[in-house]
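Colleague: Enclosed is the structure file coords12.cif (mmCIF, C-alpha atoms).
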```
data_run
loop_
_atom_site.label_atom_id
_atom_site.label_comp_id
_atom_site.auth_asym_id
_atom_site.auth_seq_id
_atom_site.Cartn_x
_atom_site.Cartn_y
_atom_site.Cartn_z
CA MET A 22 -16.55 -2.39 -13.58
CA ASP A 23 -13.41 -0.95 -15.11
CA PHE A 24 -10.19 -1.92 -13.35
CA ARG A 25 -7.88 -0.12 -15.77
CA LEU A 26 -5.72 2.69 -14.45
CA THR A 27 -6.84 6.08 -15.67
CA ALA A 28 -4.38 8.27 -17.56
CA ARG A 29 -3.96 10.29 -14.36
CA GLN A 30 -3.23 7.19 -12.30
CA GLU A 31 -0.67 6.01 -14.85
CA GLU A 32 0.99 9.42 -14.72
CA LEU A 33 1.17 9.26 -10.93
CA ARG A 34 2.46 5.69 -10.98
CA ASP A 35 5.21 6.65 -13.41
CA ALA A 36 6.17 9.69 -11.33
CA ALA A 37 6.28 7.56 -8.18
CA ARG A 38 8.30 4.90 -9.99
CA SER A 39 10.82 7.49 -11.15
CA LEU A 40 11.11 8.99 -7.65
CA THR A 41 11.49 5.51 -6.17
CA GLY A 42 14.33 4.79 -8.58
CA PHE A 43 16.09 7.99 -7.49
CA ILE A 44 15.70 7.26 -3.77
CA MET A 45 16.70 3.61 -4.18
CA LYS A 46 20.35 4.57 -4.62
CA TYR A 47 20.40 5.57 -0.93
CA GLU A 48 19.30 2.15 0.34
CA LEU A 49 22.68 0.62 1.14
CA ASP A 50 23.95 3.81 2.75
CA CYS A 51 20.87 3.84 4.98
CA GLU A 52 21.35 0.18 5.91
CA GLU A 53 25.06 0.40 6.64
CA ASN A 54 24.85 3.65 8.64
CA ASN A 55 21.44 3.22 10.28
CA GLY A 56 20.16 6.32 8.55
CA LEU A 57 21.26 9.01 6.14
CA PRO A 58 23.42 12.14 6.50
CA PRO A 59 21.87 15.63 6.28
CA HIS A 60 22.89 16.20 2.66
CA ALA A 61 21.00 13.05 1.61
CA HIS A 62 17.87 14.28 3.39
CA THR A 63 18.17 17.56 1.50
CA GLU A 64 18.69 15.84 -1.87
CA ILE A 65 15.69 13.57 -1.37
CA ARG A 66 13.50 16.41 -0.11
CA ASP A 67 14.29 18.42 -3.24
CA ALA A 68 13.55 15.38 -5.44
CA VAL A 69 10.20 14.90 -3.71
CA LEU A 70 9.26 18.54 -4.26
CA ASP A 71 10.31 18.32 -7.90
CA SER A 72 8.15 15.20 -8.35
CA GLY A 73 5.01 16.92 -7.08
CA LEU A 74 4.32 13.98 -4.76
CA GLN A 75 4.74 15.81 -1.48
CA ALA A 76 1.74 15.79 0.85
CA VAL A 77 -0.35 13.66 -1.49
CA ASN A 78 -3.10 13.52 1.13
CA MET A 79 -3.53 17.28 1.42
CA PRO A 80 -5.58 19.54 -0.89
CA THR A 81 -3.96 21.57 -3.62
CA GLU A 82 -5.22 24.86 -2.17
CA TRP A 83 -2.94 24.25 0.83
CA GLY A 84 0.00 23.24 -1.37
CA GLY A 85 -0.51 19.47 -1.31
CA ALA A 86 -0.87 17.15 -4.28
CA GLY A 87 -4.59 16.67 -3.59
CA LEU A 88 -4.77 13.00 -4.55
CA SER A 89 -7.75 10.73 -4.04
CA ILE A 90 -7.36 7.66 -1.81
CA LEU A 91 -7.01 5.40 -4.86
CA GLU A 92 -4.40 7.70 -6.36
CA GLN A 93 -2.52 7.68 -3.07
CA VAL A 94 -2.62 3.86 -3.05
CA THR A 95 -1.16 3.86 -6.57
CA VAL A 96 1.73 6.06 -5.40
CA GLN A 97 2.32 4.18 -2.15
CA ALA A 98 2.54 0.81 -3.93
CA GLU A 99 5.54 2.13 -5.87
CA LEU A 100 7.19 3.74 -2.85
CA GLY A 101 6.74 0.52 -0.87
CA ARG A 102 9.46 -1.06 -3.00
CA LEU A 103 12.06 0.94 -1.08
CA THR A 104 14.01 -0.60 1.80
CA GLY A 105 15.10 1.31 4.87
CA ALA A 106 11.52 2.68 4.98
CA LEU A 107 12.79 5.36 2.62
CA TRP A 108 9.21 5.65 1.44
CA ASP A 109 8.63 7.74 4.58
CA MET A 110 10.87 10.47 3.16
CA VAL A 111 8.08 11.15 0.67
CA TRP A 112 6.11 12.78 3.43
CA ARG A 113 2.40 12.49 4.01
CA PRO A 114 1.43 14.88 6.81
CA ALA A 115 -0.69 13.23 9.47
CA ASN A 116 -4.31 13.36 8.35
CA ALA A 117 -5.11 14.89 11.74
CA LEU A 118 -3.49 18.13 10.59
CA SER A 119 -6.42 18.72 8.25
CA PHE A 120 -8.31 19.67 11.44
CA CYS A 121 -6.00 22.64 12.03
CA THR A 122 -7.50 26.07 12.50
CA PRO A 123 -6.39 28.57 9.84
CA GLU A 124 -3.77 29.91 12.27
CA GLN A 125 -2.52 26.43 13.14
CA ARG A 126 -2.45 25.52 9.45
CA GLU A 127 -0.08 28.37 8.64
CA ARG A 128 2.20 27.54 11.57
CA TYR A 129 2.26 23.75 11.28
CA LEU A 130 0.66 22.18 8.23
CA VAL A 131 1.75 24.51 5.41
CA PRO A 132 5.46 24.30 6.39
CA VAL A 133 5.15 20.49 6.48
CA ILE A 134 3.64 20.48 3.00
CA ARG A 135 6.55 22.62 1.81
CA GLY A 136 9.12 20.27 3.37
CA GLN A 137 10.19 22.87 5.93
CA ARG A 138 8.83 21.13 9.05
CA ARG A 139 8.02 17.54 10.00
CA ASP A 140 5.33 16.14 12.26
CA CYS A 141 5.18 12.97 14.34
CA TYR A 142 2.20 11.27 15.99
CA ALA A 143 2.51 10.34 19.67
CA VAL A 144 -0.25 7.90 20.67
CA SER A 145 1.24 4.69 22.15
CA GLU A 146 2.29 4.48 25.79
CA PRO A 147 3.72 1.83 28.14
CA GLU A 148 0.17 0.83 29.12
CA ALA A 149 -1.65 1.94 25.95
CA GLY A 150 -0.61 0.08 22.82
CA SER A 151 -3.35 -1.87 21.09
CA ASP A 152 -5.77 -0.26 23.56
CA PRO A 153 -5.22 3.50 23.15
CA GLN A 154 -8.11 4.19 25.50
CA SER A 155 -5.85 3.17 28.39
CA LEU A 156 -3.74 6.30 27.92
CA ARG A 157 -2.21 7.82 31.03
CA THR A 158 -0.83 11.04 29.53
CA THR A 159 -2.86 13.93 30.91
CA ALA A 160 -3.53 17.54 29.97
CA THR A 161 -4.64 19.73 32.87
CA ARG A 162 -6.25 23.13 32.35
CA THR A 163 -4.50 26.19 33.73
CA VAL A 164 -6.15 29.31 35.05
CA ASP A 165 -5.21 31.26 31.91
CA GLY A 166 -6.97 28.70 29.66
CA GLY A 167 -3.85 26.84 28.66
CA TRP A 168 -2.78 23.30 29.43
CA VAL A 169 -0.09 21.38 31.31
CA LEU A 170 0.95 18.09 29.73
CA ASN A 171 2.37 15.15 31.71
CA GLY A 172 3.02 11.59 30.60
CA GLU A 173 5.08 9.28 28.45
CA LYS A 174 4.89 8.18 24.80
CA TRP A 175 6.52 5.23 23.04
CA PHE A 176 7.09 4.29 19.38
CA VAL A 177 6.96 7.89 18.16
CA THR A 178 7.90 7.29 14.54
CA VAL A 179 9.98 10.12 13.05
CA GLY A 180 10.27 11.53 16.57
CA ASP A 181 14.00 12.09 16.14
CA HIS A 182 13.57 14.12 12.96
CA ALA A 183 10.27 15.91 13.56
CA ASP A 184 10.20 19.35 15.13
CA PHE A 185 6.62 19.16 16.42
CA MET A 186 4.34 16.44 17.74
CA ILE A 187 0.66 15.54 17.67
CA VAL A 188 0.11 14.20 21.19
CA LEU A 189 -2.96 12.29 22.37
CA ALA A 190 -3.79 13.02 26.01
CA ALA A 191 -6.67 12.75 28.48
CA ALA A 192 -7.76 16.35 28.85
CA GLY A 193 -9.40 18.03 31.81
CA GLU A 194 -11.13 16.52 34.81
CA GLU A 195 -13.29 14.35 32.54
CA GLY A 196 -10.21 12.87 30.84
CA ALA A 197 -11.53 13.63 27.35
CA PRO A 198 -9.24 12.15 24.66
CA THR A 199 -7.75 15.16 22.90
CA LEU A 200 -4.97 15.88 20.40
CA PHE A 201 -2.46 18.64 21.05
CA LEU A 202 0.05 20.34 18.75
CA VAL A 203 3.33 20.45 20.66
CA ASP A 204 6.60 22.00 19.52
CA LYS A 205 9.32 19.51 20.37
CA ASP A 206 11.62 22.13 21.87
CA THR A 207 9.02 23.10 24.51
CA PRO A 208 10.56 22.90 28.02
CA GLY A 209 9.70 19.67 29.83
CA ILE A 210 9.93 17.37 26.77
CA GLU A 211 12.71 14.80 26.89
CA MET A 212 13.62 12.10 24.37
CA THR A 213 14.54 9.43 26.89
CA ARG A 214 15.36 6.42 24.74
CA VAL A 215 15.99 5.60 21.09
CA PRO A 216 15.60 1.80 20.79
CA ARG A 217 17.40 -0.19 18.11
CA TRP A 218 14.84 -2.09 16.13
CA MET A 219 14.83 -5.27 14.11
CA HIS A 220 14.52 -3.25 10.91
CA THR A 221 16.63 -0.38 9.65
CA PHE A 222 14.51 2.74 9.39
CA VAL A 223 15.71 6.04 7.96
CA TYR A 224 14.02 7.66 10.98
CA GLU A 225 13.84 6.48 14.57
CA HIS A 226 10.95 5.58 16.89
CA PRO A 227 12.00 7.21 20.18
CA GLU A 228 10.38 7.31 23.59
CA PHE A 229 9.48 10.67 25.16
CA THR A 230 8.49 11.97 28.57
CA PHE A 231 6.43 15.11 29.17
CA THR A 232 6.95 16.78 32.52
CA ASP A 233 4.83 19.86 33.27
CA VAL A 234 4.89 20.89 29.62
CA ARG A 235 2.98 24.15 29.38
CA LEU A 236 0.87 24.64 26.26
CA PRO A 237 -1.23 27.61 25.12
CA ALA A 238 -5.00 27.35 24.76
CA ASP A 239 -4.75 27.20 20.98
CA SER A 240 -2.63 24.03 21.04
CA VAL A 241 -5.74 21.81 20.88
CA LEU A 242 -6.07 20.12 17.47
CA GLY A 243 -9.71 19.75 16.52
CA GLU A 244 -11.87 19.92 19.61
CA VAL A 245 -11.49 18.72 23.17
CA GLY A 246 -12.74 15.14 23.33
CA ASN A 247 -12.53 14.17 19.64
CA GLY A 248 -8.99 12.80 19.74
CA TYR A 249 -10.11 9.20 19.22
CA ASP A 250 -12.38 10.04 16.30
CA ILE A 251 -9.60 11.93 14.50
CA THR A 252 -7.08 9.18 15.23
CA ARG A 253 -9.50 6.48 14.08
CA SER A 254 -10.00 8.18 10.72
CA TRP A 255 -6.20 8.41 10.40
CA PHE A 256 -5.90 4.69 11.14
CA THR A 257 -8.45 3.82 8.45
CA GLU A 258 -6.54 5.66 5.75
CA GLU A 259 -3.08 4.65 6.96
CA ARG A 260 -4.05 0.97 6.99
CA LEU A 261 -4.89 1.19 3.30
CA MET A 262 -1.51 2.81 2.67
CA ILE A 263 0.23 0.01 4.57
CA ALA A 264 -1.63 -2.52 2.43
CA ALA A 265 -0.45 -0.73 -0.72
CA ARG A 266 3.17 -0.41 0.43
CA THR A 267 3.46 -4.04 1.49
CA ILE A 268 2.10 -5.13 -1.89
CA GLY A 269 4.73 -2.99 -3.61
CA ALA A 270 7.46 -4.47 -1.41
CA ALA A 271 6.25 -8.00 -2.13
CA GLU A 272 6.22 -7.34 -5.87
CA ARG A 273 9.82 -6.12 -5.78
CA ALA A 274 10.83 -9.21 -3.82
CA LEU A 275 9.11 -11.47 -6.34
CA GLU A 276 10.80 -9.74 -9.28
CA LEU A 277 14.19 -10.24 -7.63
CA ALA A 278 13.45 -13.87 -6.72
CA ARG A 279 12.18 -14.65 -10.21
CA ASP A 280 15.33 -13.22 -11.82
CA TRP A 281 17.53 -15.09 -9.34
CA ALA A 282 15.70 -18.36 -9.99
CA VAL A 283 16.15 -17.99 -13.75
CA GLU A 284 19.86 -17.18 -13.48
CA ARG A 285 20.95 -19.34 -10.54
CA ARG A 286 22.01 -22.84 -11.59
CA GLN A 287 22.20 -25.94 -9.40
CA PHE A 288 22.46 -29.60 -10.40
CA GLY A 289 23.05 -28.47 -13.97
CA SER A 290 19.81 -26.45 -14.37
CA PRO A 291 18.37 -23.07 -13.46
CA ILE A 292 16.58 -23.47 -10.15
CA ALA A 293 13.50 -22.03 -11.89
CA ASP A 294 13.17 -25.46 -13.51
CA PHE A 295 12.55 -27.08 -10.13
CA GLN A 296 8.89 -27.53 -9.32
CA LEU A 297 9.26 -26.62 -5.65
CA ILE A 298 10.71 -23.25 -6.70
CA GLN A 299 7.95 -22.83 -9.29
CA GLY A 300 5.36 -23.48 -6.61
CA MET A 301 6.79 -20.73 -4.40
CA LEU A 302 6.88 -18.26 -7.28
CA ALA A 303 3.27 -19.04 -8.19
CA ASP A 304 2.08 -18.68 -4.59
CA CYS A 305 3.80 -15.29 -4.41
CA ALA A 306 2.06 -14.12 -7.58
CA VAL A 307 -1.33 -15.17 -6.18
CA ASP A 308 -0.77 -13.38 -2.86
CA ILE A 309 0.23 -10.16 -4.64
CA ALA A 310 -2.48 -10.16 -7.32
CA VAL A 311 -5.39 -10.86 -4.96
CA ASN A 312 -4.36 -8.30 -2.36
CA ARG A 313 -3.63 -5.58 -4.91
CA ALA A 314 -7.12 -6.01 -6.36
CA TYR A 315 -8.84 -5.85 -2.96
CA THR A 316 -6.83 -2.86 -1.76
CA HIS A 317 -7.69 -0.98 -4.94
CA GLN A 318 -11.36 -1.88 -4.50
CA VAL A 319 -11.53 -0.54 -0.93
CA ALA A 320 -9.61 2.62 -1.89
CA TRP A 321 -12.10 3.21 -4.71
CA GLU A 322 -15.01 2.66 -2.30
CA ALA A 323 -13.47 5.17 0.11
CA ASP A 324 -13.34 7.76 -2.68
CA GLU A 325 -16.92 7.03 -3.72
CA GLY A 326 -18.12 7.83 -0.20
CA SER A 327 -20.82 5.18 -0.37
CA LEU A 328 -19.71 3.31 2.77
CA ASP A 329 -20.58 4.28 6.31
CA ARG A 330 -17.62 4.90 8.62
CA LYS A 331 -17.76 1.54 10.41
CA THR A 332 -17.96 -0.52 7.22
CA LEU A 333 -15.06 1.38 5.68
CA HIS A 334 -13.07 0.92 8.90
CA ALA A 335 -13.66 -2.84 8.74
CA LYS A 336 -12.79 -3.08 5.04
CA ALA A 337 -9.56 -1.16 5.61
CA ALA A 338 -8.79 -3.60 8.43
CA ILE A 339 -9.33 -6.53 6.03
CA ALA A 340 -6.99 -4.94 3.48
CA LYS A 341 -4.26 -4.23 6.02
CA LEU A 342 -4.56 -7.65 7.64
CA SER A 343 -4.60 -9.60 4.40
CA ALA A 344 -1.91 -7.63 2.56
CA SER A 345 0.55 -7.47 5.45
CA GLU A 346 0.18 -11.18 6.21
CA ALA A 347 0.40 -12.14 2.52
CA SER A 348 3.44 -9.95 1.93
CA GLY A 349 5.15 -11.59 4.87
CA ARG A 350 4.59 -14.95 3.22
CA VAL A 351 5.89 -13.63 -0.10
CA ILE A 352 9.15 -12.26 1.29
CA ASP A 353 9.72 -15.43 3.31
CA ARG A 354 9.47 -17.53 0.14
CA CYS A 355 11.64 -15.11 -1.82
CA LEU A 356 14.37 -15.18 0.79
CA GLN A 357 14.24 -18.98 0.69
CA ILE A 358 14.66 -18.95 -3.10
CA PHE A 359 17.81 -16.85 -2.67
CA GLY A 360 19.19 -19.39 -0.23
CA GLY A 361 22.25 -18.17 1.67
CA ARG A 362 22.39 -14.97 -0.37
CA GLY A 363 18.96 -14.08 0.92
CA TYR A 364 20.45 -13.81 4.40
CA ASP A 365 22.96 -11.18 3.27
CA ARG A 366 22.00 -7.63 4.32
CA SER A 367 23.36 -6.20 1.08
CA TYR A 368 20.48 -7.95 -0.73
CA PRO A 369 17.10 -6.19 -0.73
CA VAL A 370 15.21 -9.41 0.04
CA GLU A 371 16.95 -9.66 3.43
CA ARG A 372 16.12 -6.06 4.29
CA LEU A 373 12.52 -6.46 3.16
CA TYR A 374 12.24 -9.61 5.28
CA ARG A 375 13.04 -7.62 8.43
CA GLU A 376 11.11 -4.52 7.48
CA LEU A 377 7.82 -6.11 6.47
CA ARG A 378 7.49 -7.81 9.84
CA VAL A 379 6.44 -4.61 11.59
CA ASP A 380 3.48 -4.15 9.22
CA ARG A 381 1.68 -6.86 11.16
CA ILE A 382 2.15 -4.82 14.34
CA TRP A 383 1.99 -1.06 13.85
CA GLU A 384 -1.14 0.96 13.10
CA GLY A 385 -3.05 -1.93 14.66
CA THR A 386 -1.77 -5.47 15.08
CA SER A 387 -3.12 -8.32 12.96
CA GLU A 388 -5.02 -9.46 16.03
CA ILE A 389 -6.71 -6.06 16.39
CA GLN A 390 -7.65 -6.13 12.70
CA ARG A 391 -9.28 -9.52 13.23
CA LEU A 392 -11.26 -8.15 16.18
CA ILE A 393 -12.45 -5.18 14.09
CA VAL A 394 -13.60 -7.44 11.27
CA ALA A 395 -15.21 -9.97 13.62
CA GLY A 396 -16.99 -7.19 15.50
CA GLU A 397 -18.47 -5.89 12.25
CA LEU A 398 -19.63 -9.38 11.29
CA VAL A 399 -21.20 -10.12 14.68
CA LYS A 400 -22.94 -6.75 15.05
CA ARG A 401 -24.04 -6.04 11.49
CA GLY A 402 -23.74 -9.19 9.43
CA THR A 403 -21.77 -9.98 6.28
CA GLY A 404 -22.36 -6.66 4.50
CA VAL A 405 -18.65 -5.92 4.86
CA LEU A 406 -18.04 -8.70 2.32
CA GLN A 407 -20.39 -7.34 -0.33
CA MET A 408 -19.25 -5.74 -3.57
CA PRO A 409 -20.31 -2.11 -4.10
CA SER A 410 -23.60 -1.47 -5.86
CA SER A 411 -24.33 1.07 -8.59
CA VAL A 412 -27.70 1.79 -7.00
#
```
Would you mind writing the structure in this file as structure tokens?
Modeller:
Amino acid sequence: MDFRLTARQEELRDAARSLTGFIMKYELDCEENNGLPPHAHTEIRDAVLDSGLQAVNMPTEWGGAGLSILEQVTVQAELGRLTGALWDMVWRPANALSFCTPEQRERYLVPVIRGQRRDCYAVSEPEAGSDPQSLRTTATRTVDGGWVLNGEKWFVTVGDHADFMIVLAAAGEEGAPTLFLVDKDTPGIEMTRVPRWMHTFVYEHPEFTFTDVRLPADSVLGEVGNGYDITRSWFTEERLMIAARTIGAAERALELARDWAVERRQFGSPIADFQLIQGMLADCAVDIAVNRAYTHQVAWEADEGSLDRKTLHAKAAIAKLSASEASGRVIDRCLQIFGGRGYDRSYPVERLYRELRVDRIWEGTSEIQRLIVAGELVKRGTGVLQMPSSV
């Protein structure tokens, strides 16, 4: 096995590192103003387009960067160093948009790839969080073949900035889970609440209601009834990206804590001389190194295509669970090393401390990841733990 980055991966890492450095200058502005002004969005959009890292998960023939899963992980690990979730300004269109018809692609996906439109994914509801199959939002057929959408969605990340939505609803009399492409300015859509969250996010996570929202027949994304399958494949990939981003965030925190420990003096010595501090630094290094290696392994396996869907789903769950939990431990230790300064919002470690907490909740809580992994073990044995074979 060769764990070295290829020349292409090094090139992508360097490009992502350079872009991250450019975006990093907006961090304090985002924190102090709970977001960024329009001119900053424009400047960052242009920088993303110049970097060639827009739509890394979409093929080059559609205008995307066309990166493999492992290449995407390499990029996301660098972007994860940003606070304010500024990594989300380097847009990755929802994987579900790859199921667009040619007509839908030209209307929705291609403009997203070009940075002209923005999508958001509306899945969660008041009664459907960890259990999306409890969704109450409905889509009723009309006599002309269209649909009428009614319901409520919560936690719609980027919902304030996006101009169209991918909405999961129970369609038809059979209640078949189906995704719909919905322009946000369609009559009957109301953004009812924009909660203030523990973290500062460059975008918001609003709540929406849909009241007799009329949609044309061609608003279905994919096919009627395959909404869960499309969403599940999106979860698998996104969980690997969360693992990569949290590792990148943890590495930045450790770099900052290490430098602080070397420079900060107490009792006549740098605090890096104290064994309790050394122990925390070492534990951070272990958490980062082990989770980076496993995340890269699973991303490589995903690219190889040698795993069946359920095994890959379980391995992605392991990566997300382990990396998000480990990164939480890392940032907690790093904040402790900074002492009182670590509690100051002008320091990245404080912002990372708040922001990394959600990674144990969204795109599937840690508890859901454990259930996925346990289900795989109970039903099919310990194959999920095996290393890939060359045969």
Colleague: So, counting all atoms listed in the file, which residue among A:Ile210, A:Val234, A:Val283, A:Leu100 is closest to A:Ile358?
Modeller: A:Val283
Colleague: Within 12 Å of A:Asp71, counting all atoms listed in the file, which residues qualify if same-chain residues fewer than 6 places away don't, as number ranges by chain?
Modeller: A: 36-37, 39-40, 43, 64-65, 86, 111, 135-136
Colleague: What residues come out when you apply the PyMOL selection byres ((chain A and resi 147) around 12) to this file, written as a ChimeraX atom specification?
Modeller: /A:144-146,148-153,155-158,172-176,228-230
Colleague: With all atoms listed in the file as the basis for distance, which of A:Leu356, A:Met262, A:Ile90, A:Ala306 is at the shortest distance from A:Glu384?
Modeller: A:Met262
Colleague: Could you give me, as a PyMOL selection string, the residues within 8 Å of A:Val203, counting all atoms listed in the file and dropping anything in the same chain fewer than 6 positions from it?
Modeller: chain A and resi 185-188+236+240
Colleague: Written as number ranges by chain, which residues does the PyMOL selection byres ((chain A and resi 337) around 12) give for the file shown?
Modeller: A: 90, 253-265, 312, 315-323, 328, 330-336, 338-345, 384-385, 390-391, 393-394, 405-406
Colleague: Ranking A:Thr41, A:Thr95, A:Gln137, A:Thr27 by minimum distance to A:Asp184 and counting only C-alpha atoms, which one comes first?
Modeller: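 Looking only at the distances to A:Asp184, the closest residue turns out to be A:Gln137.
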Colleague: Please write as a list in words the list of polymer residues whose atoms come within 9 Å of (-10.8, 13.5, 19.1), counting all atoms listed in the file and keeping to the coordinates of the file.
Modeller: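 Every polymer residue passing the test: Leu189, Ala197, Pro198, Thr199, Leu200, Leu242, Gly243, Glu244, Val245, Gly246, Asn247, Gly248, Tyr249, Asp250, Ile251, Thr252 and Arg253 of chain A.
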Colleague: Can you translate the PyMOL selection byres ((chain A and resi 104) around 8) into the concrete residues it hits in this file, as a PyMOL selection string?
Modeller: chain A and resi 45+48+101-103+105-108+369+372-373+376
Colleague: Please, what distance in Å, to one decimal, runs between atom CA of A:Ala98 and atom CA of A:Gln30?
Modeller: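 Going from atom CA of A:Ala98 over to atom CA of A:Gln30, I get 12.0 Å.
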Colleague: Using only C-alpha atoms, find the one residue out of A:Thr81, A:Ser348, A:Gln407, A:Thr221 that sits nearest to A:Arg366.
Modeller: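 Between A:Thr81, A:Ser348, A:Gln407, A:Thr221, the residue approaching A:Arg366 most closely is A:Thr221.
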Colleague: For the atom pair atom CA of A:Gln357 and atom CA of A:Arg38, what is the interatomic distance in Å to one decimal place?
Modeller: 26.8 Å
Colleague: Please determine, counting all atoms listed in the file, which residue among A:Ala395, A:Leu118, A:Val133, A:Val169 has the shortest atom-to-atom distance to A:Ala76.
Modeller: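 Using all atoms listed in the file, the shortest distance to A:Ala76 belongs to A:Val133.
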